[in-house]
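Chemist: Structure in structure tokens, see below.
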Amino acid sequence: MKITVCIGSSCHIKGSRQVVEQLQELIVANELGDKVELGGTFCMGNCQQGVCVTVEDKFFSVTPDTVKEFFETNVKAYL
């Protein structure tokens with residue numbers, strides 16, 4: 001599974017660094033390093049909805065406060 005987080009300026013201001021760090025921690029804590037590829041990209045074109053995250057090309061808007069729920073619902077539930 002490939003997860004991509006926007007690290008462009010608008011998403012950075014909205015907390016993309018914290019989102020990436022939390023996703024990294026959740027991947028390790030759930031021992032999913034061999035099943036999940038986490039990457040970054042610049043602008044996804046949905047700046048007003050940031051932090052922009054895609055899982056296998058499906059778009060999500062995530063905040064540092066919603067990372068855990070996002071991970072449980074859209075990542076862990078599908079592995």
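Chain labels follow the order of the structure tokens: the first chain is A, the next B, and so on; residue numbering restarts at 1 in every chain, and ligands are counted from 1 in their shown order.
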I'd like the contact shell of segment 61-68 of chain A - 12 Å cut-off, only C-alpha atoms, skipping same-chain residues fewer than 2 positions apart - returned as an NGL selection string.
Modeler: :A and (4-6 or 11-27 or 29-30 or 44 or 46-55 or 58-59 or 70-76)
Chemist: Can you list, as number ranges by chain, all residues belonging to chain A that DSSP tags as strand (DSSP E or B)?
Modeler: A: 2-6, 37-41, 52-55, 58-61
Chemist: Could you tell me, as a JSON list (two decimals) with all heavy atoms, in the first residue's frame, which residues of chain A DSSP assigns to helix (DSSP H, G or I) when given the backbone?
Modeler:
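Contents of the output file out38.json:
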```json
[["chain", "number", "residue", "atom", "x", "y", "z"],
["A", 9, "SER", "N", 3.89, 23.96, 0.55],
["A", 9, "SER", "CA", 3.84, 25.03, 1.54],
["A", 9, "SER", "C", 2.50, 25.13, 2.26],
["A", 9, "SER", "O", 2.45, 25.29, 3.48],
["A", 9, "SER", "CB", 4.22, 26.37, 0.92],
["A", 9, "SER", "OG", 3.38, 26.67, -0.17],
["A", 10, "SER", "N", 1.39, 25.03, 1.55],
["A", 10, "SER", "CA", 0.07, 25.16, 2.19],
["A", 10, "SER", "C", -0.16, 24.00, 3.17],
["A", 10, "SER", "O", -0.60, 24.21, 4.30],
["A", 10, "SER", "CB", -1.04, 25.19, 1.13],
["A", 10, "SER", "OG", -2.29, 25.30, 1.75],
["A", 11, "CYS", "N", 0.13, 22.79, 2.75],
["A", 11, "CYS", "CA", -0.06, 21.63, 3.62],
["A", 11, "CYS", "C", 0.96, 21.65, 4.77],
["A", 11, "CYS", "O", 0.64, 21.24, 5.89],
["A", 11, "CYS", "CB", 0.03, 20.33, 2.83],
["A", 11, "CYS", "SG", -1.43, 20.04, 1.80],
["A", 12, "HIS", "N", 2.15, 22.15, 4.51],
["A", 12, "HIS", "CA", 3.16, 22.26, 5.57],
["A", 12, "HIS", "C", 2.64, 23.16, 6.69],
["A", 12, "HIS", "O", 2.74, 22.81, 7.87],
["A", 12, "HIS", "CB", 4.47, 22.80, 5.01],
["A", 12, "HIS", "CG", 5.52, 23.01, 6.06],
["A", 12, "HIS", "ND1", 6.19, 21.96, 6.63],
["A", 12, "HIS", "CD2", 5.98, 24.14, 6.64],
["A", 12, "HIS", "CE1", 7.03, 22.46, 7.55],
["A", 12, "HIS", "NE2", 6.91, 23.78, 7.55],
["A", 13, "ILE", "N", 2.05, 24.28, 6.31],
["A", 13, "ILE", "CA", 1.50, 25.21, 7.30],
["A", 13, "ILE", "C", 0.38, 24.55, 8.10],
["A", 13, "ILE", "O", 0.21, 24.82, 9.29],
["A", 13, "ILE", "CB", 1.01, 26.49, 6.61],
["A", 13, "ILE", "CG1", 2.20, 27.29, 6.10],
["A", 13, "ILE", "CG2", 0.14, 27.34, 7.53],
["A", 13, "ILE", "CD1", 1.84, 28.42, 5.15],
["A", 16, "SER", "N", 1.58, 19.14, 7.80],
["A", 16, "SER", "CA", 1.98, 17.91, 7.10],
["A", 16, "SER", "C", 3.16, 17.22, 7.77],
["A", 16, "SER", "O", 3.23, 15.99, 7.76],
["A", 16, "SER", "CB", 2.28, 18.19, 5.63],
["A", 16, "SER", "OG", 3.38, 19.05, 5.48],
["A", 17, "ARG", "N", 4.07, 17.99, 8.36],
["A", 17, "ARG", "CA", 5.21, 17.35, 9.03],
["A", 17, "ARG", "C", 4.73, 16.47, 10.18],
["A", 17, "ARG", "O", 5.18, 15.33, 10.34],
["A", 17, "ARG", "CB", 6.18, 18.41, 9.55],
["A", 17, "ARG", "CG", 7.37, 17.81, 10.23],
["A", 17, "ARG", "CD", 8.37, 18.85, 10.67],
["A", 17, "ARG", "NE", 9.47, 18.21, 11.36],
["A", 17, "ARG", "CZ", 10.38, 18.86, 12.03],
["A", 17, "ARG", "NH1", 10.35, 20.17, 12.10],
["A", 17, "ARG", "NH2", 11.35, 18.21, 12.63],
["A", 18, "GLN", "N", 3.80, 16.98, 10.98],
["A", 18, "GLN", "CA", 3.26, 16.19, 12.08],
["A", 18, "GLN", "C", 2.50, 14.97, 11.57],
["A", 18, "GLN", "O", 2.57, 13.89, 12.17],
["A", 18, "GLN", "CB", 2.34, 17.04, 12.96],
["A", 18, "GLN", "CG", 3.05, 18.16, 13.69],
["A", 18, "GLN", "CD", 3.04, 19.48, 12.92],
["A", 18, "GLN", "OE1", 3.05, 19.50, 11.69],
["A", 18, "GLN", "NE2", 3.01, 20.59, 13.63],
["A", 19, "VAL", "N", 1.78, 15.13, 10.46],
["A", 19, "VAL", "CA", 1.05, 14.00, 9.87],
["A", 19, "VAL", "C", 2.04, 12.91, 9.45],
["A", 19, "VAL", "O", 1.84, 11.74, 9.76],
["A", 19, "VAL", "CB", 0.18, 14.47, 8.67],
["A", 19, "VAL", "CG1", -0.37, 13.27, 7.91],
["A", 19, "VAL", "CG2", -0.96, 15.37, 9.16],
["A", 20, "VAL", "N", 3.11, 13.29, 8.78],
["A", 20, "VAL", "CA", 4.12, 12.33, 8.34],
["A", 20, "VAL", "C", 4.74, 11.62, 9.55],
["A", 20, "VAL", "O", 4.87, 10.39, 9.57],
["A", 20, "VAL", "CB", 5.22, 13.01, 7.49],
["A", 20, "VAL", "CG1", 6.40, 12.08, 7.27],
["A", 20, "VAL", "CG2", 4.65, 13.47, 6.16],
["A", 21, "GLU", "N", 5.12, 12.39, 10.56],
["A", 21, "GLU", "CA", 5.75, 11.80, 11.75],
["A", 21, "GLU", "C", 4.82, 10.81, 12.44],
["A", 21, "GLU", "O", 5.24, 9.72, 12.84],
["A", 21, "GLU", "CB", 6.18, 12.89, 12.71],
["A", 21, "GLU", "CG", 7.37, 13.69, 12.20],
["A", 21, "GLU", "CD", 7.68, 14.93, 13.04],
["A", 21, "GLU", "OE1", 6.87, 15.29, 13.93],
["A", 21, "GLU", "OE2", 8.73, 15.55, 12.79],
["A", 22, "GLN", "N", 3.55, 11.18, 12.56],
["A", 22, "GLN", "CA", 2.59, 10.27, 13.21],
["A", 22, "GLN", "C", 2.36, 9.02, 12.38],
["A", 22, "GLN", "O", 2.26, 7.91, 12.94],
["A", 22, "GLN", "CB", 1.27, 10.99, 13.46],
["A", 22, "GLN", "CG", 1.35, 12.03, 14.56],
["A", 22, "GLN", "CD", 0.01, 12.69, 14.81],
["A", 22, "GLN", "OE1", -1.00, 12.00, 14.99],
["A", 22, "GLN", "NE2", -0.03, 14.01, 14.81],
["A", 23, "LEU", "N", 2.28, 9.17, 11.06],
["A", 23, "LEU", "CA", 2.12, 7.99, 10.20],
["A", 23, "LEU", "C", 3.32, 7.08, 10.31],
["A", 23, "LEU", "O", 3.16, 5.85, 10.38],
["A", 23, "LEU", "CB", 1.88, 8.41, 8.75],
["A", 23, "LEU", "CG", 0.49, 8.97, 8.43],
["A", 23, "LEU", "CD1", 0.46, 9.54, 7.01],
["A", 23, "LEU", "CD2", -0.58, 7.91, 8.61],
["A", 24, "GLN", "N", 4.52, 7.65, 10.35],
["A", 24, "GLN", "CA", 5.72, 6.83, 10.51],
["A", 24, "GLN", "C", 5.65, 6.03, 11.81],
["A", 24, "GLN", "O", 5.95, 4.83, 11.83],
["A", 24, "GLN", "CB", 6.98, 7.71, 10.52],
["A", 24, "GLN", "CG", 7.32, 8.29, 9.17],
["A", 24, "GLN", "CD", 8.46, 9.31, 9.24],
["A", 24, "GLN", "OE1", 8.60, 10.04, 10.22],
["A", 24, "GLN", "NE2", 9.24, 9.36, 8.18],
["A", 25, "GLU", "N", 5.25, 6.69, 12.89],
["A", 25, "GLU", "CA", 5.15, 6.02, 14.19],
["A", 25, "GLU", "C", 4.09, 4.92, 14.17],
["A", 25, "GLU", "O", 4.32, 3.83, 14.71],
["A", 25, "GLU", "CB", 4.82, 7.03, 15.28],
["A", 25, "GLU", "CG", 5.94, 8.00, 15.57],
["A", 25, "GLU", "CD", 5.53, 9.15, 16.48],
["A", 25, "GLU", "OE1", 4.38, 9.14, 17.00],
["A", 25, "GLU", "OE2", 6.35, 10.07, 16.67],
["A", 26, "LEU", "N", 2.96, 5.19, 13.54],
["A", 26, "LEU", "CA", 1.89, 4.19, 13.48],
["A", 26, "LEU", "C", 2.28, 2.98, 12.63],
["A", 26, "LEU", "O", 1.95, 1.84, 12.97],
["A", 26, "LEU", "CB", 0.60, 4.82, 12.93],
["A", 26, "LEU", "CG", -0.11, 5.77, 13.90],
["A", 26, "LEU", "CD1", -1.12, 6.64, 13.16],
["A", 26, "LEU", "CD2", -0.78, 4.99, 15.02],
["A", 27, "ILE", "N", 3.00, 3.22, 11.55],
["A", 27, "ILE", "CA", 3.47, 2.13, 10.70],
["A", 27, "ILE", "C", 4.41, 1.22, 11.48],
["A", 27, "ILE", "O", 4.29, 0.00, 11.45],
["A", 27, "ILE", "CB", 4.12, 2.68, 9.41],
["A", 27, "ILE", "CG1", 3.05, 3.31, 8.51],
["A", 27, "ILE", "CG2", 4.89, 1.58, 8.68],
["A", 27, "ILE", "CD1", 3.60, 4.17, 7.39],
["A", 28, "VAL", "N", 5.33, 1.82, 12.22],
["A", 28, "VAL", "CA", 6.28, 1.04, 13.03],
["A", 28, "VAL", "C", 5.55, 0.32, 14.16],
["A", 28, "VAL", "O", 5.76, -0.87, 14.38],
["A", 28, "VAL", "CB", 7.40, 1.95, 13.58],
["A", 28, "VAL", "CG1", 8.25, 1.22, 14.61],
["A", 28, "VAL", "CG2", 8.28, 2.46, 12.44],
["A", 29, "ALA", "N", 4.69, 1.03, 14.88],
["A", 29, "ALA", "CA", 3.99, 0.45, 16.02],
["A", 29, "ALA", "C", 3.11, -0.74, 15.62],
["A", 29, "ALA", "O", 2.94, -1.67, 16.41],
["A", 29, "ALA", "CB", 3.13, 1.52, 16.71],
["A", 47, "CYS", "N", -5.15, 22.49, -2.20],
["A", 47, "CYS", "CA", -4.56, 23.23, -1.08],
["A", 47, "CYS", "C", -5.58, 23.62, -0.02],
["A", 47, "CYS", "O", -5.29, 23.60, 1.17],
["A", 47, "CYS", "CB", -3.84, 24.48, -1.59],
["A", 47, "CYS", "SG", -2.52, 24.10, -2.75],
["A", 48, "GLN", "N", -6.77, 24.01, -0.44],
["A", 48, "GLN", "CA", -7.78, 24.44, 0.51],
["A", 48, "GLN", "C", -8.25, 23.30, 1.40],
["A", 48, "GLN", "O", -8.82, 23.53, 2.46],
["A", 48, "GLN", "CB", -8.98, 25.08, -0.21],
["A", 48, "GLN", "CG", -9.82, 24.13, -1.04],
["A", 48, "GLN", "CD", -9.24, 23.77, -2.41],
["A", 48, "GLN", "OE1", -8.12, 24.14, -2.76],
["A", 48, "GLN", "NE2", -10.00, 23.03, -3.18],
["A", 49, "GLN", "N", -7.98, 22.04, 1.01],
["A", 49, "GLN", "CA", -8.42, 20.88, 1.78],
["A", 49, "GLN", "C", -7.31, 20.25, 2.60],
["A", 49, "GLN", "O", -7.56, 19.30, 3.33],
["A", 49, "GLN", "CB", -9.02, 19.83, 0.85],
["A", 49, "GLN", "CG", -10.26, 20.32, 0.13],
["A", 49, "GLN", "CD", -10.80, 19.26, -0.81],
["A", 49, "GLN", "OE1", -10.78, 18.09, -0.50],
["A", 49, "GLN", "NE2", -11.28, 19.70, -1.96],
["A", 67, "VAL", "N", -5.02, 11.94, 12.39],
["A", 67, "VAL", "CA", -4.14, 10.92, 11.79],
["A", 67, "VAL", "C", -4.47, 9.52, 12.29],
["A", 67, "VAL", "O", -4.58, 8.59, 11.49],
["A", 67, "VAL", "CB", -2.65, 11.24, 12.05],
["A", 67, "VAL", "CG1", -1.77, 10.10, 11.60],
["A", 67, "VAL", "CG2", -2.24, 12.52, 11.36],
["A", 68, "LYS", "N", -4.63, 9.36, 13.58],
["A", 68, "LYS", "CA", -4.85, 8.02, 14.13],
["A", 68, "LYS", "C", -6.14, 7.42, 13.58],
["A", 68, "LYS", "O", -6.18, 6.26, 13.16],
["A", 68, "LYS", "CB", -4.88, 8.06, 15.66],
["A", 68, "LYS", "CG", -4.89, 6.69, 16.27],
["A", 68, "LYS", "CD", -4.66, 6.72, 17.76],
["A", 68, "LYS", "CE", -4.58, 5.29, 18.27],
["A", 68, "LYS", "NZ", -4.21, 5.22, 19.67],
["A", 69, "GLU", "N", -7.21, 8.21, 13.57],
["A", 69, "GLU", "CA", -8.49, 7.72, 13.03],
["A", 69, "GLU", "C", -8.35, 7.40, 11.55],
["A", 69, "GLU", "O", -8.85, 6.37, 11.08],
["A", 69, "GLU", "CB", -9.58, 8.78, 13.24],
["A", 69, "GLU", "CG", -10.92, 8.37, 12.69],
["A", 69, "GLU", "CD", -11.97, 9.48, 12.81],
["A", 69, "GLU", "OE1", -11.73, 10.47, 13.53],
["A", 69, "GLU", "OE2", -13.01, 9.35, 12.16],
["A", 70, "PHE", "N", -7.69, 8.28, 10.80],
["A", 70, "PHE", "CA", -7.44, 8.04, 9.37],
["A", 70, "PHE", "C", -6.69, 6.73, 9.17],
["A", 70, "PHE", "O", -7.05, 5.92, 8.32],
["A", 70, "PHE", "CB", -6.63, 9.21, 8.79],
["A", 70, "PHE", "CG", -5.97, 8.89, 7.49],
["A", 70, "PHE", "CD1", -6.67, 8.89, 6.30],
["A", 70, "PHE", "CD2", -4.62, 8.57, 7.45],
["A", 70, "PHE", "CE1", -6.06, 8.57, 5.11],
["A", 70, "PHE", "CE2", -3.99, 8.26, 6.26],
["A", 70, "PHE", "CZ", -4.71, 8.25, 5.09],
["A", 71, "PHE", "N", -5.65, 6.51, 9.96],
["A", 71, "PHE", "CA", -4.82, 5.30, 9.83],
["A", 71, "PHE", "C", -5.65, 4.05, 10.10],
["A", 71, "PHE", "O", -5.59, 3.08, 9.33],
["A", 71, "PHE", "CB", -3.63, 5.38, 10.79],
["A", 71, "PHE", "CG", -2.67, 4.24, 10.64],
["A", 71, "PHE", "CD1", -1.70, 4.26, 9.65],
["A", 71, "PHE", "CD2", -2.73, 3.16, 11.49],
["A", 71, "PHE", "CE1", -0.81, 3.20, 9.51],
["A", 71, "PHE", "CE2", -1.85, 2.10, 11.37],
["A", 71, "PHE", "CZ", -0.88, 2.12, 10.38],
["A", 72, "GLU", "N", -6.42, 4.07, 11.18],
["A", 72, "GLU", "CA", -7.23, 2.90, 11.55],
["A", 72, "GLU", "C", -8.27, 2.59, 10.47],
["A", 72, "GLU", "O", -8.49, 1.44, 10.12],
["A", 72, "GLU", "CB", -7.93, 3.14, 12.90],
["A", 72, "GLU", "CG", -6.98, 3.22, 14.08],
["A", 72, "GLU", "CD", -6.32, 1.90, 14.42],
["A", 72, "GLU", "OE1", -6.93, 0.84, 14.21],
["A", 72, "GLU", "OE2", -5.17, 1.94, 14.91],
["A", 73, "THR", "N", -8.91, 3.63, 9.96],
["A", 73, "THR", "CA", -10.03, 3.47, 9.01],
["A", 73, "THR", "C", -9.60, 3.20, 7.59],
["A", 73, "THR", "O", -10.21, 2.40, 6.89],
["A", 73, "THR", "CB", -10.90, 4.74, 9.04],
["A", 73, "THR", "OG1", -11.31, 4.98, 10.38],
["A", 73, "THR", "CG2", -12.14, 4.59, 8.16],
["A", 74, "ASN", "N", -8.54, 3.86, 7.14],
["A", 74, "ASN", "CA", -8.18, 3.83, 5.72],
["A", 74, "ASN", "C", -6.88, 3.09, 5.40],
["A", 74, "ASN", "O", -6.58, 2.89, 4.23],
["A", 74, "ASN", "CB", -8.09, 5.26, 5.19],
["A", 74, "ASN", "CG", -9.40, 5.98, 5.35],
["A", 74, "ASN", "OD1", -10.38, 5.65, 4.69],
["A", 74, "ASN", "ND2", -9.46, 6.95, 6.24],
["A", 76, "LYS", "N", -5.01, 0.57, 8.13],
["A", 76, "LYS", "CA", -4.96, -0.69, 8.87],
["A", 76, "LYS", "C", -6.13, -1.61, 8.53],
["A", 76, "LYS", "O", -5.97, -2.82, 8.43],
["A", 76, "LYS", "CB", -4.95, -0.37, 10.37],
["A", 76, "LYS", "CG", -4.56, -1.52, 11.22],
["A", 76, "LYS", "CD", -4.41, -1.08, 12.67],
["A", 76, "LYS", "CE", -4.18, -2.28, 13.55],
["A", 76, "LYS", "NZ", -4.14, -1.88, 14.97],
["A", 77, "ALA", "N", -7.31, -1.04, 8.31],
["A", 77, "ALA", "CA", -8.50, -1.86, 8.01],
["A", 77, "ALA", "C", -8.38, -2.60, 6.70],
["A", 77, "ALA", "O", -9.08, -3.58, 6.46],
["A", 77, "ALA", "CB", -9.73, -0.96, 8.00],
["A", 78, "TYR", "N", -7.47, -2.16, 5.81],
["A", 78, "TYR", "CA", -7.33, -2.77, 4.49],
["A", 78, "TYR", "C", -6.12, -3.67, 4.35],
["A", 78, "TYR", "O", -5.83, -4.18, 3.28],
["A", 78, "TYR", "CB", -7.30, -1.68, 3.41],
["A", 78, "TYR", "CG", -8.64, -1.00, 3.27],
["A", 78, "TYR", "CD1", -8.92, 0.18, 3.96],
["A", 78, "TYR", "CD2", -9.65, -1.55, 2.50],
["A", 78, "TYR", "CE1", -10.16, 0.79, 3.86],
["A", 78, "TYR", "CE2", -10.89, -0.95, 2.38],
["A", 78, "TYR", "CZ", -11.13, 0.22, 3.07],
["A", 78, "TYR", "OH", -12.36, 0.82, 2.97]]
```
Chemist: Can you measure atom CA of Leu32 of chain A to atom CA of Met1 of chain A for me? One decimal in Å is fine.
Modeler: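 According to the coordinates, atom CA of Leu32 of chain A and atom CA of Met1 of chain A are separated by 9.8 Å.
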Chemist: Quick one: pull the distance between atom CA of Leu79 of chain A and atom CA of Thr41 of chain A, Å, one decimal.
Modeler: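 Separating atom CA of Leu79 of chain A from atom CA of Thr41 of chain A is a distance of 23.3 Å.
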